[in-house]
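> If it helps, the file is called upload-v1.txt and holds compact mmCIF, C-alpha atoms:
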# COMPACT_ATOMS: atom_id res chain seq x y z
CA MET L 15 4.05 7.15 24.67
CA ASN L 16 7.40 6.88 26.30
CA ALA L 17 9.00 4.47 23.83
CA SER L 18 9.32 6.26 20.51
CA LEU L 19 6.62 5.47 17.99
CA GLN L 20 9.18 3.83 15.73
CA ASP L 21 10.32 1.49 18.52
CA ILE L 22 6.70 0.47 19.13
CA VAL L 23 6.20 -0.21 15.42
CA PHE L 24 9.46 -2.13 15.09
CA ALA L 25 8.76 -4.24 18.20
CA PHE L 26 5.28 -5.00 16.84
CA LEU L 27 6.59 -6.16 13.44
CA GLN L 28 9.12 -8.48 15.12
CA THR L 29 6.44 -10.03 17.37
CA TYR L 30 3.93 -10.33 14.49
CA TYR L 31 6.28 -12.16 12.11
CA GLN L 32 8.09 -14.20 14.77
CA ARG L 33 4.79 -15.58 16.04
CA MET L 34 3.69 -16.47 12.49
CA SER L 35 6.90 -18.39 11.99
CA LYS L 36 7.18 -20.00 15.45
CA ASP L 37 3.56 -20.56 16.54
CA PRO L 38 0.75 -19.60 14.14
CA SER L 39 -1.91 -20.67 16.64
CA LYS L 40 -0.76 -17.81 18.94
CA VAL L 41 -1.05 -15.09 16.26
CA SER L 42 -4.74 -14.45 16.92
CA ALA L 43 -3.89 -13.48 20.52
CA LEU L 44 -2.49 -10.23 19.05
CA TYR L 45 -5.94 -9.22 17.72
CA SER L 46 -8.81 -7.42 19.47
CA LEU L 47 -12.14 -9.22 19.95
CA THR L 48 -13.82 -7.49 17.00
CA ALA L 49 -10.72 -7.05 14.80
CA GLU L 50 -11.01 -7.10 10.99
CA LEU L 51 -8.44 -9.03 8.94
CA THR L 52 -7.91 -9.15 5.16
CA HIS L 53 -5.16 -11.70 4.58
CA ILE L 54 -3.82 -14.21 2.01
CA ASN L 55 -6.47 -16.74 0.97
CA TYR L 56 -4.42 -19.85 1.75
CA GLN L 57 -7.37 -22.10 0.81
CA VAL L 58 -6.82 -21.25 -2.89
CA GLU L 59 -3.98 -22.97 -4.81
CA PHE L 60 -1.14 -20.44 -5.37
CA ASP L 61 -0.77 -19.37 -9.00
CA LEU L 62 3.04 -19.43 -9.23
CA GLY L 63 2.93 -17.78 -12.65
CA GLY L 64 0.72 -14.90 -11.47
CA GLU L 65 1.76 -11.51 -10.04
CA THR L 66 -0.80 -11.31 -7.18
CA LEU L 67 -2.53 -13.63 -4.70
CA PRO L 68 -6.22 -13.60 -3.70
CA THR L 69 -7.18 -12.33 -0.24
CA ILE L 70 -9.99 -13.22 2.16
CA LYS L 71 -11.78 -11.00 4.70
CA LEU L 72 -12.44 -12.17 8.29
CA THR L 73 -14.06 -10.46 11.27
CA GLY L 74 -13.60 -11.30 14.95
CA LYS L 75 -10.85 -12.93 16.98
CA GLU L 76 -12.44 -16.40 16.78
CA ASN L 77 -12.52 -16.51 12.99
CA ILE L 78 -9.00 -15.09 12.91
CA SER L 79 -7.83 -17.80 15.29
CA LYS L 80 -9.38 -20.55 13.11
CA PHE L 81 -7.80 -19.01 10.01
CA PHE L 82 -4.22 -19.03 11.36
CA THR L 83 -4.57 -22.46 12.97
CA ARG L 84 -6.10 -24.09 9.87
CA ASN L 85 -3.35 -22.68 7.64
CA ASN L 86 -0.49 -23.04 10.10
CA LYS L 87 1.84 -24.84 7.66
CA LYS L 88 1.77 -22.06 5.04
CA VAL L 89 1.70 -19.34 7.71
CA SER L 90 4.85 -20.65 9.40
CA ASP L 91 6.58 -20.83 6.00
CA LEU L 92 5.84 -17.15 5.17
CA LYS L 93 8.96 -15.06 4.44
CA VAL L 94 8.85 -11.28 4.18
CA LEU L 95 11.02 -8.35 3.10
CA ILE L 96 9.76 -4.98 4.36
CA GLU L 97 10.92 -2.21 1.99
CA SER L 98 9.11 0.79 3.50
CA CYS L 99 7.29 1.48 6.76
CA ASP L 100 5.26 4.65 7.38
CA PHE L 101 3.36 5.29 10.61
CA GLN L 102 1.12 7.96 12.15
CA THR L 103 -0.76 8.29 15.43
CA THR L 104 -4.54 8.00 15.18
CA GLY L 105 -7.71 7.32 17.16
CA ALA L 106 -8.94 8.80 20.44
CA ASN L 107 -6.31 11.30 21.74
CA HIS L 108 -3.84 9.90 19.20
CA SER L 109 -3.18 6.81 21.33
CA SER L 110 -3.54 4.35 18.41
CA VAL L 111 -1.00 3.77 15.62
CA LEU L 112 -1.59 3.48 11.85
CA ILE L 113 1.17 1.50 10.09
CA LEU L 114 1.61 1.27 6.29
CA THR L 115 4.26 -1.17 5.04
CA THR L 116 5.23 -2.22 1.52
CA GLY L 117 7.49 -5.10 0.56
CA GLU L 118 7.66 -8.58 -0.88
CA MET L 119 6.35 -11.91 0.43
CA PHE L 120 7.28 -15.44 -0.57
CA TRP L 121 7.17 -19.05 0.59
CA THR L 122 9.49 -21.99 -0.05
CA GLY L 123 9.71 -22.49 -3.83
CA THR L 124 7.57 -19.51 -4.86
CA PRO L 125 8.58 -16.26 -6.61
CA THR L 126 8.30 -13.01 -4.63
CA TYR L 127 4.91 -11.23 -4.51
CA LYS L 128 4.76 -7.46 -3.99
CA PHE L 129 2.35 -6.40 -1.26
CA VAL L 130 1.16 -3.44 0.80
CA GLN L 131 -0.22 -3.80 4.33
CA SER L 132 -2.10 -1.38 6.57
CA ILE L 133 -2.38 -2.18 10.29
CA ILE L 134 -3.98 -0.25 13.17
CA LEU L 135 -2.76 -0.87 16.74
CA THR L 136 -5.11 0.24 19.49
CA PRO L 137 -4.21 0.37 23.23
CA ASN L 138 -5.39 -2.74 25.07
CA PRO L 139 -7.79 -1.43 27.77
CA SER L 140 -6.88 -4.16 30.30
CA LYS L 141 -3.07 -4.27 29.79
CA ASN L 142 -1.54 -0.81 29.71
CA ASP L 143 1.45 -0.25 27.48
CA SER L 144 0.26 -3.05 25.22
CA PHE L 145 -1.65 -2.85 21.95
CA ASP L 146 -4.21 -4.96 20.09
CA ILE L 147 -4.43 -5.22 16.32
CA THR L 148 -7.91 -3.89 15.43
CA ASN L 149 -7.31 -3.73 11.63
CA ASP L 150 -5.00 -5.65 9.33
CA VAL L 151 -5.33 -5.36 5.51
CA VAL L 152 -3.00 -7.01 2.95
CA ARG L 153 -3.24 -6.16 -0.77
CA PHE L 154 -0.98 -7.60 -3.48
CA ILE L 155 0.32 -5.30 -6.22
CA ALA L 156 0.62 -6.43 -9.85
CA ASP L 157 3.66 -5.35 -11.84
CA ASN L 158 1.45 -4.44 -14.84
CA LEU L 159 4.52 -4.56 -17.09
CA SER L 160 2.80 -5.10 -20.43
CA PRO L 161 2.07 -1.85 -22.28
CA TYR L 162 -1.42 -0.43 -21.64
CA ALA L 163 -3.83 -1.40 -24.40
CA LEU L 164 -6.47 1.30 -24.82
CA GLU L 165 -9.72 -0.69 -24.57
CA THR L 166 -11.70 0.08 -27.69
CA ILE L 167 -14.92 1.02 -25.91
CA GLU L 168 -17.80 -0.27 -28.00
CA THR L 169 -20.33 2.58 -28.01
CA MET D 15 -24.20 3.37 8.87
CA ASN D 16 -27.17 3.52 6.55
CA ALA D 17 -25.29 4.14 3.28
CA SER D 18 -23.21 1.06 2.57
CA LEU D 19 -19.56 1.35 3.52
CA GLN D 20 -18.57 1.11 -0.13
CA ASP D 21 -20.82 4.02 -1.05
CA ILE D 22 -19.23 6.14 1.70
CA VAL D 23 -15.74 5.23 0.48
CA PHE D 24 -16.64 5.90 -3.17
CA ALA D 25 -18.28 9.26 -2.37
CA PHE D 26 -15.22 10.23 -0.34
CA LEU D 27 -12.77 9.41 -3.17
CA GLN D 28 -14.82 11.48 -5.63
CA THR D 29 -14.91 14.48 -3.28
CA TYR D 30 -11.21 14.15 -2.40
CA TYR D 31 -9.96 14.09 -6.00
CA GLN D 32 -12.52 16.52 -7.41
CA ARG D 33 -11.54 19.13 -4.85
CA MET D 34 -7.84 18.65 -5.61
CA SER D 35 -8.54 19.27 -9.27
CA LYS D 36 -11.10 22.07 -8.93
CA ASP D 37 -10.01 24.00 -5.79
CA PRO D 38 -6.88 22.85 -3.93
CA SER D 39 -7.31 25.54 -1.29
CA LYS D 40 -10.53 23.76 -0.17
CA VAL D 41 -8.89 20.33 0.27
CA SER D 42 -7.75 21.03 3.83
CA ALA D 43 -11.39 21.52 4.87
CA LEU D 44 -11.73 17.72 4.60
CA TYR D 45 -9.17 17.17 7.37
CA SER D 46 -9.63 17.15 11.19
CA LEU D 47 -7.88 19.78 13.31
CA THR D 48 -5.05 17.43 14.35
CA ALA D 49 -4.92 15.29 11.19
CA GLU D 50 -1.62 13.76 10.03
CA LEU D 51 -0.73 13.85 6.31
CA THR D 52 2.15 12.17 4.44
CA HIS D 53 1.91 13.41 0.85
CA ILE D 54 4.00 14.12 -2.28
CA ASN D 55 6.83 16.54 -1.59
CA TYR D 56 5.97 19.04 -4.33
CA GLN D 57 8.82 21.33 -3.22
CA VAL D 58 11.35 18.86 -4.68
CA GLU D 59 11.97 18.79 -8.46
CA PHE D 60 10.32 15.61 -9.90
CA ASP D 61 12.85 13.01 -11.10
CA LEU D 62 11.13 11.97 -14.34
CA GLY D 63 13.56 9.10 -14.80
CA GLY D 64 12.96 7.70 -11.30
CA GLU D 65 10.38 5.14 -10.14
CA THR D 66 9.27 6.86 -6.92
CA LEU D 67 8.71 10.38 -5.58
CA PRO D 68 9.73 11.75 -2.16
CA THR D 69 7.04 12.41 0.46
CA ILE D 70 6.72 14.93 3.28
CA LYS D 71 4.96 14.59 6.65
CA LEU D 72 2.64 17.32 8.01
CA THR D 73 0.57 17.57 11.17
CA GLY D 74 -2.47 19.76 11.77
CA LYS D 75 -5.11 21.35 9.54
CA GLU D 76 -3.25 24.66 9.28
CA ASN D 77 -0.04 23.14 7.91
CA ILE D 78 -2.12 20.96 5.60
CA SER D 79 -3.96 24.02 4.32
CA LYS D 80 -0.68 25.87 3.61
CA PHE D 81 0.68 22.78 1.85
CA PHE D 82 -2.24 22.45 -0.62
CA THR D 83 -2.49 26.19 -1.23
CA ARG D 84 1.26 26.65 -1.81
CA ASN D 85 1.34 23.74 -4.29
CA ASN D 86 -2.04 24.38 -5.90
CA LYS D 87 -0.73 24.27 -9.50
CA LYS D 88 0.74 20.75 -9.19
CA VAL D 89 -2.15 19.59 -6.97
CA SER D 90 -4.78 20.63 -9.52
CA ASP D 91 -2.81 18.84 -12.27
CA LEU D 92 -2.72 15.51 -10.37
CA LYS D 93 -4.23 12.58 -12.31
CA VAL D 94 -4.96 9.23 -10.67
CA LEU D 95 -5.93 5.68 -11.57
CA ILE D 96 -7.20 3.64 -8.60
CA GLU D 97 -6.57 -0.09 -9.22
CA SER D 98 -7.68 -1.54 -5.87
CA CYS D 99 -9.62 -0.25 -2.88
CA ASP D 100 -9.93 -2.19 0.40
CA PHE D 101 -11.80 -0.84 3.42
CA GLN D 102 -12.62 -1.90 7.00
CA THR D 103 -14.47 -0.27 9.88
CA THR D 104 -12.28 0.87 12.78
CA GLY D 105 -12.12 3.11 15.83
CA ALA D 106 -14.59 3.59 18.68
CA ASN D 107 -17.64 1.33 18.06
CA HIS D 108 -16.45 0.79 14.51
CA SER D 109 -17.71 4.19 13.39
CA SER D 110 -14.50 5.15 11.55
CA VAL D 111 -13.31 3.78 8.18
CA LEU D 112 -9.85 2.55 7.17
CA ILE D 113 -9.28 2.77 3.39
CA LEU D 114 -6.31 1.21 1.53
CA THR D 115 -5.97 2.07 -2.17
CA THR D 116 -3.30 1.21 -4.74
CA GLY D 117 -2.90 2.69 -8.18
CA GLU D 118 -0.90 5.02 -10.36
CA MET D 119 -0.43 8.79 -10.26
CA PHE D 120 0.83 11.18 -12.92
CA TRP D 121 0.88 14.84 -13.96
CA THR D 122 0.99 16.49 -17.39
CA GLY D 123 4.11 15.21 -19.18
CA THR D 124 5.27 12.75 -16.51
CA PRO D 125 5.35 8.93 -16.55
CA THR D 126 3.02 7.04 -14.20
CA TYR D 127 4.16 6.46 -10.61
CA LYS D 128 2.85 3.47 -8.64
CA PHE D 129 1.53 4.39 -5.22
CA VAL D 130 -0.33 3.02 -2.19
CA GLN D 131 -2.42 5.18 0.13
CA SER D 132 -3.97 4.58 3.55
CA ILE D 133 -6.69 6.95 4.80
CA ILE D 134 -8.75 6.95 8.01
CA LEU D 135 -12.13 8.72 8.02
CA THR D 136 -13.51 9.56 11.46
CA PRO D 137 -17.09 10.83 12.14
CA ASN D 138 -17.17 14.62 12.44
CA PRO D 139 -18.51 15.32 15.96
CA SER D 140 -20.33 18.51 14.96
CA LYS D 141 -21.81 17.42 11.59
CA ASN D 142 -23.44 14.01 11.79
CA ASP D 143 -23.26 11.78 8.76
CA SER D 144 -20.07 13.49 7.70
CA PHE D 145 -16.48 12.40 8.16
CA ASP D 146 -13.09 14.09 8.68
CA ILE D 147 -9.82 12.72 7.36
CA THR D 148 -7.69 12.11 10.49
CA ASN D 149 -4.91 10.16 8.66
CA ASP D 150 -3.67 10.21 5.08
CA VAL D 151 -0.44 8.39 4.08
CA VAL D 152 0.93 8.10 0.51
CA ARG D 153 3.88 5.82 -0.31
CA PHE D 154 5.36 5.30 -3.80
CA ILE D 155 6.38 1.81 -4.87
CA ALA D 156 9.50 1.12 -6.94
CA ASP D 157 9.29 -1.46 -9.71
CA ASN D 158 12.64 -2.97 -8.60
CA LEU D 159 12.97 -4.64 -12.00
CA SER D 160 16.72 -5.17 -12.06
CA PRO D 161 17.77 -8.58 -10.69
CA TYR D 162 18.60 -8.64 -6.97
CA ALA D 163 22.35 -8.38 -6.42
CA LEU D 164 23.30 -10.19 -3.23
CA GLU D 165 25.28 -7.53 -1.38
CA THR D 166 28.63 -9.06 -0.57
CA ILE D 167 28.55 -8.29 3.13
CA GLU D 168 32.06 -7.35 4.19
CA THR D 169 32.62 -9.13 7.51
CA LYS F 21 -13.73 -7.10 -6.28
CA THR F 22 -13.70 -5.71 -2.78
CA GLY F 23 -17.06 -4.43 -1.64
CA PRO F 24 -20.35 -6.27 -1.24
CA SER F 25 -22.41 -4.03 -3.56
CA GLU F 26 -20.89 -3.69 -6.99
CA ILE F 27 -23.10 -0.92 -8.36
CA SER F 28 -21.15 2.21 -7.52
CA MET F 29 -17.44 1.43 -7.42
CA GLN F 30 -16.21 -0.21 -10.66
CA LEU F 31 -12.43 -0.57 -10.56
CA PRO F 32 -10.16 0.65 -12.07
CA LEU F 33 -11.28 4.23 -11.39
CA PHE F 34 -9.93 7.24 -13.27
CA PHE F 35 -9.85 10.61 -11.43
CA ASN F 36 -9.11 13.96 -13.15
CA THR F 37 -7.93 12.22 -16.34
CA LYS F 38 -9.05 10.54 -19.53
CA GLU F 39 -7.85 7.10 -20.63
CA GLU F 40 -5.76 8.65 -23.44
CA ASP F 41 -3.76 10.79 -20.98
CA TYR F 42 -3.20 7.74 -18.79
CA SER F 43 -2.10 5.66 -21.76
CA LYS F 44 0.47 8.34 -22.73
CA ALA F 45 1.93 8.50 -19.21
CA ARG F 46 1.92 4.71 -19.01
CA SER F 47 3.89 4.33 -22.24
CA LYS F 48 6.53 6.72 -20.81
CA ARG F 49 6.83 4.36 -17.83
CA HIS F 50 6.98 1.35 -20.16
CA ALA F 51 9.91 2.86 -22.08
CA LEU F 52 11.81 3.46 -18.81
CA ARG F 53 11.16 -0.13 -17.75
CA LEU F 54 12.44 -1.58 -21.02
CA ARG F 55 15.64 0.45 -20.67
CA ILE F 56 16.21 -0.84 -17.11
CA LEU F 57 15.70 -4.45 -18.16
CA GLN F 58 17.94 -4.10 -21.21
CA ASN F 59 20.72 -2.54 -19.05
CA SER F 60 20.45 -5.33 -16.51
CA SER F 61 20.57 -8.09 -19.16
CA GLU F 62 23.61 -6.42 -20.86
CA LYS F 63 25.39 -6.46 -17.49
CA GLU F 64 24.73 -10.21 -17.18
CA GLU F 65 26.31 -11.06 -20.63
CA LYS N 9 14.04 6.81 6.04
CA THR N 10 10.77 7.24 7.84
CA GLY N 11 11.15 7.55 11.59
CA PRO N 12 13.01 10.15 13.62
CA SER N 13 15.29 7.73 15.48
CA GLU N 14 17.32 5.59 13.12
CA ILE N 15 18.77 3.14 15.61
CA SER N 16 16.27 0.31 15.60
CA MET N 17 14.54 0.06 12.24
CA GLN N 18 17.01 -0.21 9.34
CA LEU N 19 15.09 -0.83 6.12
CA PRO N 20 14.88 -3.13 4.24
CA LEU N 21 13.94 -5.63 6.96
CA PHE N 22 14.02 -9.39 6.46
CA PHE N 23 11.61 -11.54 8.52
CA ASN N 24 11.78 -15.36 8.73
CA THR N 25 14.24 -15.54 5.82
CA LYS N 26 17.88 -15.18 4.85
CA GLU N 27 19.04 -13.00 1.98
CA GLU N 28 19.92 -16.10 -0.10
CA ASP N 29 16.32 -17.40 0.07
CA TYR N 30 15.04 -13.96 -0.90
CA SER N 31 17.46 -13.73 -3.80
CA LYS N 32 16.28 -17.14 -5.12
CA ALA N 33 12.59 -16.14 -4.95
CA ARG N 34 13.41 -12.79 -6.52
CA SER N 35 15.18 -14.37 -9.49
CA LYS N 36 12.06 -16.49 -10.09
CA ARG N 37 10.06 -13.25 -10.26
CA HIS N 38 12.68 -11.70 -12.56
CA ALA N 39 12.41 -14.60 -15.01
CA LEU N 40 8.60 -14.20 -15.12
CA ARG N 41 8.98 -10.48 -15.76
CA LEU N 42 11.40 -10.98 -18.64
CA ARG N 43 8.98 -13.40 -20.27
CA ILE N 44 6.11 -10.91 -19.99
CA LEU N 45 8.17 -8.11 -21.50
CA GLN N 46 9.48 -10.30 -24.32
CA ASN N 47 5.91 -11.43 -25.14
CA SER N 48 4.66 -7.85 -25.20
CA SER N 49 7.52 -6.66 -27.45
CA GLU N 50 6.92 -9.62 -29.85
CA LYS N 51 3.28 -8.59 -30.11
CA GLU N 52 4.35 -5.05 -31.08
CA GLU N 53 6.59 -6.28 -33.99
Starting from the coordinates I provided, produce the structure as structure tokens.

Amino acid sequence: MNASLQDIVFAFLQTYYQRMSKDPSKVSALYSLTAELTHINYQVEFDLGGETLPTIKLTGKENISKFFTRNNKKVSDLKVLIESCDFQTTGANHSSVLILTTGEMFWTGTPTYKFVQSIILTPNPSKNDSFDITNDVVRFIADNLSPYALETIET
Amino acid sequence: MNASLQDIVFAFLQTYYQRMSKDPSKVSALYSLTAELTHINYQVEFDLGGETLPTIKLTGKENISKFFTRNNKKVSDLKVLIESCDFQTTGANHSSVLILTTGEMFWTGTPTYKFVQSIILTPNPSKNDSFDITNDVVRFIADNLSPYALETIET
Amino acid sequence: KTGPSEISMQLPLFFNTKEEDYSKARSKRHALRLRILQNSSEKEE
Amino acid sequence: KTGPSEISMQLPLFFNTKEEDYSKARSKRHALRLRILQNSSEKEE
């Protein structure tokens, strides 16, 4: 990989979030044919008082395309702060990239929601020097601020 | 994969943490020859008042083996609560597994530390039905409880 | 819940610890959090 | 810092938002947190 790994990761994040904001229907073009996506379940009403949001699991570029197109209003309104970004090479002869980001997400009028995301980029066989997303997993993280009540385990 | 994916993931987590607790010097046997590991930097004094812990990046089974052996006291004292566990298939013909866990870690006498971890399990070419860890990334997550002060950007 | 079959993996999962140890460590974190929030609200007054 | 070369990726990174919008959303989260902590300390009294 000529460009440094970090440049590849940074360029990917810019493309990924710009496309969500500018043209959600083009986001699925970033994914491989059999990609797996675990993303925000936009079909469920947001609980603005809660600390986390539900997620939904999709497999395959077609389902992913329907998902982003159907929810394009919320997708284009997504705002993100990335606080940390770790990455490692992976896959056959280390040509793929594992990315782990943490940060906060929000939309117009909502509080921030803490999330972690793991993405795998795999070289696109037909277009060299370009990658497909084969895996994309979002998980929200609760604050869990209230003190831990020891469940009295009924024996 | 005959055993369900969840069973594979659950069995892996049990092996991974049991070995850390019982025999840290055997943990590196779980990793592939060229595995990449980002783990707790045990060489740095823990900041018990802080919200996160520093991490260190290692490449290759040998370095990983030295790391777990050198820090075996702290490694065997590691205690973990896993709050969420997402997983997807990945890699060549979907035979590898991407795991994303979130939870809290602590040691004797320390507070809990919130963490997220991404692990990739890849089939071991020489032992069928068994996997190697090719990627293992830990990242600690700050609470960020104090209100966000808009940095006055000096122009 | 994440996986299809619920039998094996019941979250949350404790590894190498008992609930009492976790609860002790968690109350240490809780005390630190309260201090941070009190400091930040004093600054605002 | 995570990567070797620092030039491109300066964390934290904002995407599709300005700092003011983030700060507004963050203060909403802060208010929710204060309420949770006050409730839990009332319960303890």
> Take CA of Phe129 (chain L) and CA of Leu33 (chain F) and report the distance between them in Å, one decimal.
20.0 Å
> I'm after chain L in the frame of chain D: fit it by least squares over all Cα atoms matched in order, and give me the output as a compact mmCIF listing (two decimals) with C-alpha atoms, keeping the file's coordinate frame.

# COMPACT_ATOMS: atom_id res chain seq x y z
CA MET L 15 -24.20 3.47 8.82
CA ASN L 16 -27.16 3.54 6.54
CA ALA L 17 -25.31 4.13 3.28
CA SER L 18 -23.21 1.06 2.57
CA LEU L 19 -19.57 1.36 3.52
CA GLN L 20 -18.57 1.12 -0.13
CA ASP L 21 -20.83 4.05 -1.06
CA ILE L 22 -19.24 6.14 1.71
CA VAL L 23 -15.76 5.25 0.46
CA PHE L 24 -16.63 5.91 -3.18
CA ALA L 25 -18.28 9.26 -2.37
CA PHE L 26 -15.21 10.24 -0.34
CA LEU L 27 -12.77 9.42 -3.17
CA GLN L 28 -14.83 11.49 -5.64
CA THR L 29 -14.92 14.50 -3.28
CA TYR L 30 -11.20 14.17 -2.40
CA TYR L 31 -9.95 14.10 -6.00
CA GLN L 32 -12.52 16.54 -7.40
CA ARG L 33 -11.54 19.14 -4.81
CA MET L 34 -7.83 18.66 -5.60
CA SER L 35 -8.54 19.26 -9.26
CA LYS L 36 -11.11 22.08 -8.91
CA ASP L 37 -10.03 23.98 -5.78
CA PRO L 38 -6.89 22.84 -3.93
CA SER L 39 -7.32 25.54 -1.29
CA LYS L 40 -10.54 23.77 -0.15
CA VAL L 41 -8.90 20.34 0.28
CA SER L 42 -7.75 21.03 3.84
CA ALA L 43 -11.39 21.54 4.89
CA LEU L 44 -11.74 17.73 4.60
CA TYR L 45 -9.16 17.18 7.39
CA SER L 46 -9.62 17.13 11.17
CA LEU L 47 -7.87 19.76 13.31
CA THR L 48 -5.04 17.43 14.36
CA ALA L 49 -4.91 15.29 11.19
CA GLU L 50 -1.62 13.75 10.00
CA LEU L 51 -0.73 13.86 6.30
CA THR L 52 2.15 12.19 4.42
CA HIS L 53 1.90 13.42 0.84
CA ILE L 54 3.99 14.12 -2.30
CA ASN L 55 6.85 16.54 -1.59
CA TYR L 56 5.98 19.03 -4.34
CA GLN L 57 8.83 21.33 -3.24
CA VAL L 58 11.38 18.85 -4.68
CA GLU L 59 11.97 18.76 -8.47
CA PHE L 60 10.33 15.59 -9.92
CA ASP L 61 12.85 13.00 -11.09
CA LEU L 62 11.13 11.96 -14.34
CA GLY L 63 13.57 9.08 -14.79
CA GLY L 64 12.97 7.69 -11.29
CA GLU L 65 10.38 5.11 -10.15
CA THR L 66 9.27 6.85 -6.90
CA LEU L 67 8.71 10.37 -5.57
CA PRO L 68 9.74 11.74 -2.16
CA THR L 69 7.05 12.40 0.46
CA ILE L 70 6.73 14.94 3.26
CA LYS L 71 4.96 14.59 6.63
CA LEU L 72 2.65 17.33 7.99
CA THR L 73 0.57 17.57 11.16
CA GLY L 74 -2.47 19.77 11.77
CA LYS L 75 -5.11 21.34 9.55
CA GLU L 76 -3.23 24.66 9.28
CA ASN L 77 -0.04 23.13 7.90
CA ILE L 78 -2.13 20.95 5.59
CA SER L 79 -3.97 24.02 4.33
CA LYS L 80 -0.68 25.85 3.61
CA PHE L 81 0.67 22.77 1.84
CA PHE L 82 -2.24 22.44 -0.62
CA THR L 83 -2.49 26.18 -1.22
CA ARG L 84 1.26 26.64 -1.81
CA ASN L 85 1.33 23.74 -4.28
CA ASN L 86 -2.04 24.38 -5.89
CA LYS L 87 -0.74 24.27 -9.48
CA LYS L 88 0.72 20.75 -9.18
CA VAL L 89 -2.15 19.58 -6.96
CA SER L 90 -4.79 20.62 -9.50
CA ASP L 91 -2.82 18.85 -12.25
CA LEU L 92 -2.72 15.51 -10.36
CA LYS L 93 -4.24 12.58 -12.29
CA VAL L 94 -4.96 9.23 -10.65
CA LEU L 95 -5.93 5.67 -11.57
CA ILE L 96 -7.21 3.64 -8.61
CA GLU L 97 -6.57 -0.08 -9.23
CA SER L 98 -7.68 -1.54 -5.89
CA CYS L 99 -9.62 -0.25 -2.89
CA ASP L 100 -9.94 -2.19 0.38
CA PHE L 101 -11.80 -0.84 3.41
CA GLN L 102 -12.63 -1.89 6.98
CA THR L 103 -14.47 -0.27 9.87
CA THR L 104 -12.28 0.86 12.76
CA GLY L 105 -12.13 3.13 15.81
CA ALA L 106 -14.59 3.60 18.67
CA ASN L 107 -17.64 1.32 18.06
CA HIS L 108 -16.43 0.78 14.49
CA SER L 109 -17.71 4.20 13.39
CA SER L 110 -14.49 5.15 11.55
CA VAL L 111 -13.32 3.78 8.18
CA LEU L 112 -9.85 2.55 7.15
CA ILE L 113 -9.28 2.77 3.38
CA LEU L 114 -6.31 1.21 1.52
CA THR L 115 -5.99 2.08 -2.18
CA THR L 116 -3.31 1.21 -4.73
CA GLY L 117 -2.91 2.69 -8.19
CA GLU L 118 -0.90 5.02 -10.37
CA MET L 119 -0.45 8.80 -10.25
CA PHE L 120 0.83 11.17 -12.91
CA TRP L 121 0.87 14.82 -13.96
CA THR L 122 0.99 16.47 -17.38
CA GLY L 123 4.12 15.21 -19.16
CA THR L 124 5.27 12.75 -16.49
CA PRO L 125 5.35 8.92 -16.56
CA THR L 126 3.02 7.05 -14.19
CA TYR L 127 4.17 6.45 -10.59
CA LYS L 128 2.83 3.46 -8.64
CA PHE L 129 1.53 4.36 -5.19
CA VAL L 130 -0.34 3.01 -2.17
CA GLN L 131 -2.45 5.21 0.11
CA SER L 132 -3.98 4.58 3.52
CA ILE L 133 -6.69 6.96 4.78
CA ILE L 134 -8.75 6.96 7.99
CA LEU L 135 -12.14 8.72 8.03
CA THR L 136 -13.51 9.57 11.46
CA PRO L 137 -17.07 10.85 12.15
CA ASN L 138 -17.18 14.64 12.45
CA PRO L 139 -18.53 15.30 15.98
CA SER L 140 -20.36 18.52 14.98
CA LYS L 141 -21.83 17.40 11.61
CA ASN L 142 -23.44 13.98 11.82
CA ASP L 143 -23.27 11.75 8.78
CA SER L 144 -20.08 13.50 7.72
CA PHE L 145 -16.47 12.40 8.17
CA ASP L 146 -13.10 14.08 8.68
CA ILE L 147 -9.82 12.73 7.36
CA THR L 148 -7.68 12.10 10.48
CA ASN L 149 -4.89 10.16 8.65
CA ASP L 150 -3.67 10.22 5.08
CA VAL L 151 -0.44 8.40 4.07
CA VAL L 152 0.92 8.10 0.49
CA ARG L 153 3.88 5.82 -0.31
CA PHE L 154 5.35 5.30 -3.79
CA ILE L 155 6.34 1.79 -4.87
CA ALA L 156 9.47 1.11 -6.94
CA ASP L 157 9.29 -1.48 -9.71
CA ASN L 158 12.64 -2.99 -8.60
CA LEU L 159 12.97 -4.66 -12.00
CA SER L 160 16.73 -5.20 -12.05
CA PRO L 161 17.77 -8.61 -10.72
CA TYR L 162 18.64 -8.65 -7.00
CA ALA L 163 22.38 -8.38 -6.45
CA LEU L 164 23.35 -10.21 -3.26
CA GLU L 165 25.31 -7.53 -1.36
CA THR L 166 28.67 -9.04 -0.54
CA ILE L 167 28.59 -8.24 3.17
CA GLU L 168 32.10 -7.28 4.21
CA THR L 169 32.64 -9.08 7.52
> One decimal, in Å: what's the spacing between CA of Asp61 (chain D) and CA of Asn59 (chain F)?
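Between these atoms lies a distance of 19.2 Å.
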> Only residues of chain D matter here; which ones have an atom within 8 Å of chain L, counting all atoms listed in the file? Give them as an NGL selection string.
:D and (50 or 100 or 102-106 or 114 or 116 or 130 or 132 or 148-149 or 151 or 153 or 155 or 157)
> Please identify all polymer residues within 12 Å of Ser48 (chain N), counting all atoms listed in the file, omitting same-chain residues fewer than 2 positions from it, and present them as a VMD selection string.
(chain L and resid 158 to 163) or (chain F and resid 50 54) or (chain N and resid 41 to 46 50 to 53)
> One number please: CA of Lys80 (chain L) to CA of Val111 (chain L), in Å, one decimal.
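Separating CA of Lys80 (chain L) from CA of Val111 (chain L) is a distance of 25.8 Å.
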